[in-house]
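Text of the file input_23.cif, holding mmCIF, C-alpha atoms:
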data_entry
loop_
_atom_site.label_atom_id
_atom_site.label_comp_id
_atom_site.auth_asym_id
_atom_site.auth_seq_id
_atom_site.Cartn_x
_atom_site.Cartn_y
_atom_site.Cartn_z
CA MET M 127 -27.42 -122.03 66.75
CA PRO M 128 -28.05 -119.51 63.95
CA ARG M 129 -29.91 -120.82 60.94
CA ARG M 130 -27.59 -121.58 58.04
CA PRO M 131 -28.38 -120.50 54.49
CA GLU M 132 -29.79 -123.12 52.16
CA GLY M 133 -27.00 -125.38 51.01
CA GLY M 134 -24.60 -123.70 53.41
CA ALA M 135 -23.04 -126.51 55.47
CA VAL M 136 -19.40 -125.61 56.13
CA LYS M 137 -16.99 -126.99 53.53
CA VAL M 138 -13.24 -127.46 53.88
CA TRP M 139 -10.56 -128.22 51.30
CA ILE M 140 -7.66 -130.00 52.94
CA ASP M 141 -5.02 -132.42 51.66
CA GLY M 142 -6.57 -132.73 48.22
CA ALA M 143 -10.24 -133.21 49.11
CA ILE M 144 -13.31 -131.14 49.98
CA VAL M 145 -15.01 -132.43 53.12
CA ASP M 146 -17.66 -131.28 55.56
CA GLY M 147 -16.35 -129.21 58.43
CA PRO M 148 -16.52 -131.94 61.12
CA ASP M 149 -14.54 -134.29 58.87
CA ALA M 150 -11.60 -131.92 58.33
CA LYS M 151 -8.48 -133.11 60.15
CA ILE M 152 -5.02 -131.60 60.53
CA PRO M 153 -1.95 -133.37 61.98
CA VAL M 154 -0.89 -132.17 65.42
CA THR M 155 2.64 -131.70 64.05
CA ASP M 156 1.59 -128.99 61.59
CA HIS M 157 3.67 -125.90 62.39
CA GLY M 158 0.66 -123.71 61.71
CA LEU M 159 -1.00 -125.32 64.72
CA LEU M 160 2.14 -125.57 66.84
CA TYR M 161 3.61 -122.13 66.25
CA GLY M 162 1.18 -120.04 64.21
CA ASP M 163 3.60 -120.47 61.31
CA GLY M 164 1.72 -119.51 58.19
CA VAL M 165 -0.42 -116.85 56.52
CA PHE M 166 -4.10 -116.48 55.79
CA GLU M 167 -6.74 -114.40 54.06
CA GLY M 168 -10.37 -113.72 54.91
CA ILE M 169 -12.38 -113.30 51.71
CA ARG M 170 -16.05 -112.61 50.99
CA VAL M 171 -18.38 -114.03 48.38
CA TYR M 172 -21.24 -111.68 47.52
CA GLY M 173 -24.00 -112.85 45.18
CA GLY M 174 -21.91 -115.70 43.81
CA ALA M 175 -18.83 -113.56 43.10
CA VAL M 176 -15.58 -113.45 45.08
CA PHE M 177 -14.87 -109.89 46.21
CA ARG M 178 -11.51 -108.47 45.04
CA LEU M 179 -10.04 -111.93 44.67
CA ALA M 180 -6.89 -110.82 42.83
CA ASP M 181 -6.05 -108.35 45.62
CA HIS M 182 -6.51 -110.97 48.32
CA LEU M 183 -4.33 -113.46 46.48
CA ARG M 184 -1.67 -110.81 45.88
CA ARG M 185 -1.57 -110.02 49.60
CA LEU M 186 -1.40 -113.72 50.47
CA ALA M 187 1.56 -114.17 48.14
CA ALA M 188 3.37 -111.13 49.58
CA GLY M 189 2.88 -112.38 53.13
CA ALA M 190 4.13 -115.85 52.18
CA ARG M 191 7.26 -114.38 50.55
CA ALA M 192 7.89 -112.25 53.63
CA ILE M 193 8.10 -115.35 55.85
CA GLY M 194 9.85 -117.55 53.32
CA LEU M 195 6.87 -119.81 52.68
CA GLU M 196 6.24 -121.42 49.29
CA ILE M 197 2.59 -121.73 48.29
CA PRO M 198 1.94 -125.20 46.80
CA GLY M 199 0.76 -124.84 43.21
CA GLY M 200 1.25 -121.08 43.30
CA LEU M 201 -1.63 -118.63 43.13
CA PRO M 202 -3.36 -120.41 40.20
CA GLY M 203 -3.56 -123.55 42.32
CA VAL M 204 -4.86 -121.63 45.32
CA GLU M 205 -7.52 -119.93 43.22
CA LYS M 206 -8.70 -123.27 41.84
CA ILE M 207 -9.01 -124.66 45.37
CA LEU M 208 -10.85 -121.58 46.60
CA ARG M 209 -13.36 -121.62 43.77
CA ALA M 210 -14.05 -125.34 44.08
CA THR M 211 -14.65 -125.08 47.83
CA ALA M 212 -16.91 -122.03 47.48
CA ILE M 213 -18.94 -123.79 44.79
CA ALA M 214 -19.30 -126.85 47.05
CA TYR M 215 -20.63 -124.58 49.81
CA ALA M 216 -23.55 -123.85 47.48
CA ALA M 217 -24.71 -120.50 48.84
CA PRO M 218 -24.53 -117.10 47.07
CA ASP M 219 -22.97 -115.32 50.06
CA ALA M 220 -20.13 -116.78 52.10
CA TYR M 221 -16.95 -116.13 54.04
CA ILE M 222 -13.75 -117.87 52.93
CA ARG M 223 -10.84 -118.46 55.29
CA LEU M 224 -7.81 -119.39 53.20
CA LEU M 225 -4.71 -120.62 55.06
CA VAL M 226 -1.23 -121.69 54.04
CA THR M 227 0.70 -123.35 56.86
CA ARG M 228 4.35 -124.37 56.97
CA GLY M 229 3.09 -127.94 57.07
CA ASP M 230 4.13 -130.96 59.14
CA GLY M 231 7.51 -130.84 60.86
CA GLU M 232 9.50 -131.82 63.87
CA LEU M 233 8.78 -130.46 67.33
CA GLY M 234 10.75 -127.26 67.67
CA VAL M 235 10.48 -123.94 65.88
CA ASP M 236 12.98 -124.75 63.11
CA PRO M 237 10.92 -124.27 59.91
CA THR M 238 13.40 -126.16 57.75
CA SER M 239 12.01 -129.43 59.11
CA CYS M 240 8.76 -128.68 57.23
CA THR M 241 9.03 -129.72 53.60
CA ASN M 242 5.39 -129.72 52.45
CA PRO M 243 3.34 -126.56 53.11
CA ARG M 244 -0.37 -127.18 53.57
CA ILE M 245 -3.30 -125.27 52.07
CA VAL M 246 -6.59 -125.21 53.95
CA CYS M 247 -9.69 -123.47 52.58
CA ILE M 248 -12.74 -123.10 54.82
CA VAL M 249 -16.04 -121.75 53.49
CA ASP M 250 -18.79 -120.84 55.92
CA GLU M 251 -20.70 -117.80 57.15
CA VAL M 252 -19.36 -115.25 59.63
CA ARG M 253 -21.20 -112.90 62.00
CA LEU M 254 -18.88 -110.77 64.07
CA TYR M 255 -21.48 -108.48 65.61
CA PRO M 256 -25.24 -108.69 66.29
CA GLU M 257 -27.42 -106.90 63.73
CA ALA M 258 -28.71 -104.50 66.39
CA LYS M 259 -25.13 -103.42 67.14
CA ARG M 260 -24.46 -102.91 63.45
CA LYS M 261 -27.21 -100.30 63.53
CA SER M 262 -26.73 -98.65 66.93
CA GLY M 263 -22.93 -98.84 66.96
CA LEU M 264 -20.26 -100.79 68.82
CA ASP M 265 -18.96 -100.12 72.31
CA LEU M 266 -15.15 -100.02 72.40
CA ILE M 267 -12.60 -100.02 75.16
CA THR M 268 -8.94 -99.07 74.88
CA SER M 269 -6.96 -102.27 75.28
CA SER M 270 -4.09 -102.48 77.75
CA LEU M 271 -2.18 -104.45 75.10
CA ARG M 272 -0.10 -102.81 72.39
CA LYS M 273 0.47 -103.74 68.77
CA PRO M 274 3.98 -105.09 68.15
CA ASN M 275 6.33 -102.68 66.43
CA ALA M 276 6.79 -103.20 62.70
CA ASP M 277 10.43 -104.12 63.26
CA ALA M 278 9.22 -107.03 65.42
CA LEU M 279 6.36 -108.19 63.18
CA ASP M 280 5.19 -106.22 60.15
CA PRO M 281 1.40 -105.67 60.43
CA ARG M 282 1.07 -106.18 56.68
CA ILE M 283 1.73 -109.89 57.19
CA LYS M 284 -1.52 -111.70 57.99
CA SER M 285 0.15 -114.45 59.98
CA LEU M 286 -1.67 -117.29 61.69
CA ASN M 287 -0.56 -115.98 65.09
CA TYR M 288 -3.33 -113.62 66.24
CA LEU M 289 -2.73 -113.98 69.98
CA ASN M 290 -2.42 -110.21 70.39
CA SER M 291 -5.86 -109.76 68.84
CA VAL M 292 -7.35 -112.70 70.75
CA LEU M 293 -6.26 -111.25 74.10
CA ALA M 294 -7.49 -107.78 73.16
CA LYS M 295 -10.88 -109.18 72.17
CA ARG M 296 -11.04 -111.15 75.42
CA GLU M 297 -10.28 -107.99 77.36
CA ALA M 298 -13.11 -106.18 75.60
CA ARG M 299 -15.64 -108.94 76.18
CA LEU M 300 -14.73 -109.26 79.87
CA ALA M 301 -15.33 -105.51 80.18
CA GLY M 302 -18.76 -105.84 78.54
CA ALA M 303 -17.63 -104.14 75.33
CA ASP M 304 -17.81 -105.28 71.72
CA GLU M 305 -14.31 -104.42 70.55
CA ALA M 306 -10.89 -103.32 71.73
CA LEU M 307 -8.94 -100.38 70.37
CA LEU M 308 -5.26 -101.22 70.01
CA GLN M 309 -2.47 -98.65 70.12
CA ASN M 310 1.18 -99.07 69.23
CA ALA M 311 4.10 -98.56 71.60
CA ALA M 312 4.05 -94.81 70.88
CA GLY M 313 0.39 -94.51 71.84
CA ARG M 314 -0.88 -94.04 68.29
CA VAL M 315 -4.05 -95.81 67.18
CA ALA M 316 -3.34 -98.96 65.15
CA GLU M 317 -6.63 -100.83 64.70
CA THR M 318 -9.09 -102.93 66.71
CA SER M 319 -8.68 -106.64 67.35
CA VAL M 320 -10.19 -107.53 63.96
CA ALA M 321 -10.82 -104.33 62.01
CA ASN M 322 -9.45 -101.08 60.69
CA VAL M 323 -10.45 -97.76 62.26
CA PHE M 324 -11.82 -94.71 60.44
CA VAL M 325 -12.38 -91.28 62.00
CA TYR M 326 -14.56 -88.60 60.36
CA ARG M 327 -14.35 -84.95 61.41
CA HIS M 328 -15.17 -81.71 59.56
CA GLY M 329 -15.46 -83.39 56.16
CA ILE M 330 -12.17 -85.28 56.47
CA LEU M 331 -12.01 -89.09 56.70
CA ARG M 332 -8.83 -90.43 58.29
CA THR M 333 -7.40 -93.87 59.02
CA PRO M 334 -4.05 -94.97 60.52
CA PRO M 335 -1.14 -96.06 58.28
CA ALA M 336 0.49 -99.48 58.30
CA THR M 337 3.54 -97.88 59.91
CA ASP M 338 1.41 -97.33 63.03
CA GLY M 339 0.33 -100.98 63.15
CA ALA M 340 -2.72 -101.05 60.89
CA LEU M 341 -3.36 -103.88 58.47
CA GLU M 342 -3.65 -102.66 54.89
CA GLY M 343 -7.17 -104.05 54.70
CA ILE M 344 -8.98 -104.76 51.44
CA THR M 345 -12.22 -103.27 52.78
CA ARG M 346 -10.22 -100.33 54.16
CA ASP M 347 -8.77 -99.74 50.71
CA SER M 348 -12.24 -100.00 49.15
CA VAL M 349 -13.66 -97.41 51.55
CA LEU M 350 -10.79 -95.03 50.85
CA GLU M 351 -11.55 -95.33 47.14
CA ILE M 352 -15.31 -94.89 47.60
CA ALA M 353 -14.90 -91.87 49.90
CA SER M 354 -12.50 -90.20 47.49
CA GLU M 355 -14.89 -90.75 44.58
CA GLU M 356 -17.67 -89.17 46.63
CA GLY M 357 -15.63 -86.03 47.16
CA LEU M 358 -14.61 -86.54 50.78
CA GLY M 359 -11.22 -85.46 52.02
CA VAL M 360 -9.27 -88.66 52.66
CA ARG M 361 -6.08 -88.99 54.69
CA VAL M 362 -3.97 -91.92 55.83
CA GLU M 363 -2.25 -90.48 58.90
CA SER M 364 -1.46 -91.07 62.56
CA LEU M 365 -4.32 -90.83 65.05
CA GLY M 366 -4.59 -90.72 68.83
CA ARG M 367 -7.45 -91.63 71.16
CA PHE M 368 -8.36 -87.95 71.32
CA ASP M 369 -9.18 -87.98 67.62
CA LEU M 370 -11.88 -90.57 68.27
CA PHE M 371 -13.41 -88.55 71.11
CA ASP M 372 -13.35 -85.44 68.90
CA ALA M 373 -14.87 -87.18 65.88
CA ASP M 374 -18.25 -86.63 64.28
CA GLU M 375 -18.29 -90.35 63.44
CA VAL M 376 -16.05 -93.36 63.92
CA PHE M 377 -16.50 -96.66 62.14
CA LEU M 378 -14.65 -99.94 61.63
CA THR M 379 -14.02 -101.85 58.43
CA GLY M 380 -12.96 -105.40 57.66
CA THR M 381 -13.78 -108.40 55.53
CA GLY M 382 -15.76 -109.92 58.37
CA ALA M 383 -17.01 -106.65 59.84
CA ARG M 384 -17.79 -104.89 56.52
CA ILE M 385 -18.58 -101.33 57.74
CA VAL M 386 -19.92 -100.88 61.27
CA PRO M 387 -20.33 -97.67 63.34
CA VAL M 388 -18.79 -97.04 66.75
CA ALA M 389 -21.07 -95.71 69.49
CA THR M 390 -18.73 -95.34 72.47
CA LEU M 391 -15.10 -95.52 73.52
CA ASP M 392 -14.33 -96.25 77.16
CA GLY M 393 -17.90 -95.34 78.09
CA GLN M 394 -17.84 -91.98 76.35
CA PRO M 395 -20.17 -91.36 73.37
CA ILE M 396 -18.69 -90.80 69.93
CA GLY M 397 -20.46 -88.04 68.01
CA GLU M 398 -24.24 -87.82 68.32
CA PRO M 399 -25.63 -91.04 69.84
CA GLY M 400 -27.35 -93.25 67.28
CA VAL M 401 -26.63 -90.89 64.40
CA HIS M 402 -24.02 -91.84 61.82
CA PRO M 403 -25.13 -90.62 58.37
CA LEU M 404 -21.71 -90.91 56.74
CA THR M 405 -21.24 -94.49 57.94
CA ASP M 406 -24.69 -95.40 56.61
CA ARG M 407 -23.96 -93.67 53.31
CA LEU M 408 -20.64 -95.44 52.85
CA SER M 409 -22.21 -98.78 53.80
CA LEU M 410 -24.76 -98.41 51.02
CA ALA M 411 -22.05 -97.33 48.58
CA PHE M 412 -19.92 -100.30 49.61
CA THR M 413 -22.77 -102.70 48.83
CA ASP M 414 -22.92 -101.25 45.31
CA TYR M 415 -19.12 -101.41 45.10
CA THR M 416 -19.07 -105.14 45.86
CA ARG M 417 -21.32 -105.80 42.88
CA CYS M 418 -18.76 -104.23 40.55
CA HIS M 419 -15.61 -105.79 42.02
CA GLY M 420 -16.41 -109.47 42.21
CA SER M 421 -15.06 -112.45 40.30
CA PRO M 422 -17.91 -114.87 39.47
CA LEU M 423 -17.47 -118.44 40.69
#

Rewrite the coordinates I just gave you, this time as structure tokens.
Amino acid sequence: MPRRPEGGAVKVWIDGAIVDGPDAKIPVTDHGLLYGDGVFEGIRVYGGAVFRLADHLRRLAAGARAIGLEIPGGLPGVEKILRATAIAYAAPDAYIRLLVTRGDGELGVDPTSCTNPRIVCIVDEVRLYPEAKRKSGLDLITSSLRKPNADALDPRIKSLNYLNSVLAKREARLAGADEALLQNAAGRVAETSVANVFVYRHGILRTPPATDGALEGITRDSVLEIASEEGLGVRVESLGRFDLFDADEVFLTGTGARIVPVATLDGQPIGEPGVHPLTDRLSLAFTDYTRCHGSPL
């Protein structure tokens, strides 16, 4: 087991109380558990400040409205819960998983049987990739799965049902890779199982749009802002697998991932092996950026 930071035993707010992780319980009739019916946010705490909290809460509210889910206490209530749980975690750096489920209901998918939505706030640490991989770069495969079309499930909704991503990640791990590249039904790059994709070539930094299946990530948005301020050409446009093979550098971004380089795709090297100066440069700039865009606890 990895060593936890001082004071960093997992804390959970659930049903009006903050408890240790092993003591958190949820009824088996919660529709979030039964059907993935709910929304969530992954949020970082850096140096005792919550990174881009207002943007995360805004996205949570938009996702809840999109599925007809009322957030108990509204965003002010959610923020109070989040802050209290993060303070109870008692570590300067943390990962927050904030969930709003449809709540308890009858067996069956009918959401109208659920009358009391449930908020769950988990504060812990997260390590998606080994530190060595964060330096050398990740090995990706192209998943056989496809991202659902936006008319089936809009990728801007961070719903509790991540089965598509779970299966893609499983496929990658069974193949000995770190991550899976997901395409949409038209064969355009969407994202990986848990992160956004960026491609750098000839001074231009590009990332797929939400219309191709990409989540409008908070870290993604931050990187677009940082890159633009540093004078890079920035484009949000459709990409294919070929664009990754033709890239000087490819990297992934996400709340959990932060910024991590890609070394290979389907066994083929991306750019010059072990060399990713732009990714390193943006990673350093992102660290500075987090210090200026946090909300102190």

If you take all atoms listed in the file and a cut-off of 7 Å, which residues of segment 140-218 of chain M touch segment 279-287 of chain M, and what are their nearest atom pairs and distances in Å to one decimal, in chain and number order, as a Markdown table?
| residue | atom | partner | partner_atom | distance |
| --- | --- | --- | --- | --- |
| M:Gly158 | CA | M:Leu286 | CA | 6.8 |
| M:Gly162 | CA | M:Asn287 | CA | 4.5 |
| M:Asp163 | CA | M:Leu286 | CA | 6.2 |
| M:Gly164 | CA | M:Leu286 | CA | 5.4 |
| M:Val165 | CA | M:Ser285 | CA | 4.2 |
| M:Phe166 | CA | M:Lys284 | CA | 5.9 |
| M:Gly189 | CA | M:Ile283 | CA | 4.9 |

task = Go through M:Thr337, M:Asn290, M:Asn275, M:Gln394 and flag the residue nearest Phe371 of chain M, using all atoms listed in the file for the distances.
result = M:Gln394

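Closest approach to Ser319 of chain M among M:Leu331, M:Leu264, M:Ala294, M:Val136 is made by M:Ala294 (distances from all atoms listed in the file).
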
task = Provide the atom CA of Pro198 of chain M to atom CA of Pro243 of chain M distance in Å, to one decimal place.
result = 6.6 Å

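Take atom CA of Ile169 of chain M and atom CA of Arg407 of chain M: the distance between them is 22.8 Å.
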
task = Pull the neighbourhood of (-7.6, -89.2, 59.3) for me: all residues within 7 Å in file coordinates, counting all atoms listed in the file, as a ChimeraX atom specification.
result = /M:325,330-334,360-363,365

inquiry  = Counting all atoms listed in the file, I want the residues whose atoms come within 9 Å of (-9.3, -130.6, 45.4) in the file frame, returned as a ChimeraX atom specification.
reply    = /M:139-144,206-207,210-211

request  = Using the chain letters and residue numbers of this document, give as a count of residues only the residues selected by the PyMOL selection byres ((chain M and resi 239) around 12).
outcome  = 18

ask   = How far is it from atom CA of Leu225 of chain M to atom CA of Val145 of chain M, in Å with one decimal?
value =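 Atom-to-atom, atom CA of Leu225 of chain M and atom CA of Val145 of chain M are spaced 15.8 Å apart.
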
Output file request: segment 235-258 of chain M, with C-alpha atoms, as a PDB file, in the first residue's frame.
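Once written, result-v2.pdb looks like this:
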ATOM      1  CA  VAL M 235     -35.154   2.458 -14.094  1.00  0.00           C
ATOM      2  CA  ASP M 236     -38.041   4.877 -13.479  1.00  0.00           C
ATOM      3  CA  PRO M 237     -36.314   7.891 -11.855  1.00  0.00           C
ATOM      4  CA  THR M 238     -39.562   9.356 -10.548  1.00  0.00           C
ATOM      5  CA  SER M 239     -39.522   6.802  -7.733  1.00  0.00           C
ATOM      6  CA  CYS M 240     -36.465   8.614  -6.313  1.00  0.00           C
ATOM      7  CA  THR M 241     -37.514  11.621  -4.256  1.00  0.00           C
ATOM      8  CA  ASN M 242     -34.340  12.460  -2.302  1.00  0.00           C
ATOM      9  CA  PRO M 243     -31.114  12.888  -4.312  1.00  0.00           C
ATOM     10  CA  ARG M 244     -27.964  12.006  -2.395  1.00  0.00           C
ATOM     11  CA  ILE M 245     -24.681  13.913  -2.208  1.00  0.00           C
ATOM     12  CA  VAL M 246     -21.484  11.986  -1.544  1.00  0.00           C
ATOM     13  CA  CYS M 247     -18.106  13.713  -1.188  1.00  0.00           C
ATOM     14  CA  ILE M 248     -14.954  11.578  -1.021  1.00  0.00           C
ATOM     15  CA  VAL M 249     -11.555  13.107  -0.274  1.00  0.00           C
ATOM     16  CA  ASP M 250      -8.433  11.020  -0.742  1.00  0.00           C
ATOM     17  CA  GLU M 251      -5.325  10.881  -2.914  1.00  0.00           C
ATOM     18  CA  VAL M 252      -5.223   9.605  -6.485  1.00  0.00           C
ATOM     19  CA  ARG M 253      -2.344   8.163  -8.513  1.00  0.00           C
ATOM     20  CA  LEU M 254      -3.344   7.177 -12.018  1.00  0.00           C
ATOM     21  CA  TYR M 255       0.123   6.428 -13.379  1.00  0.00           C
ATOM     22  CA  PRO M 256       3.504   5.486 -11.859  1.00  0.00           C
ATOM     23  CA  GLU M 257       5.944   8.382 -11.510  1.00  0.00           C
ATOM     24  CA  ALA M 258       8.382   6.724 -13.924  1.00  0.00           C
TER      25      ALA M 258
END
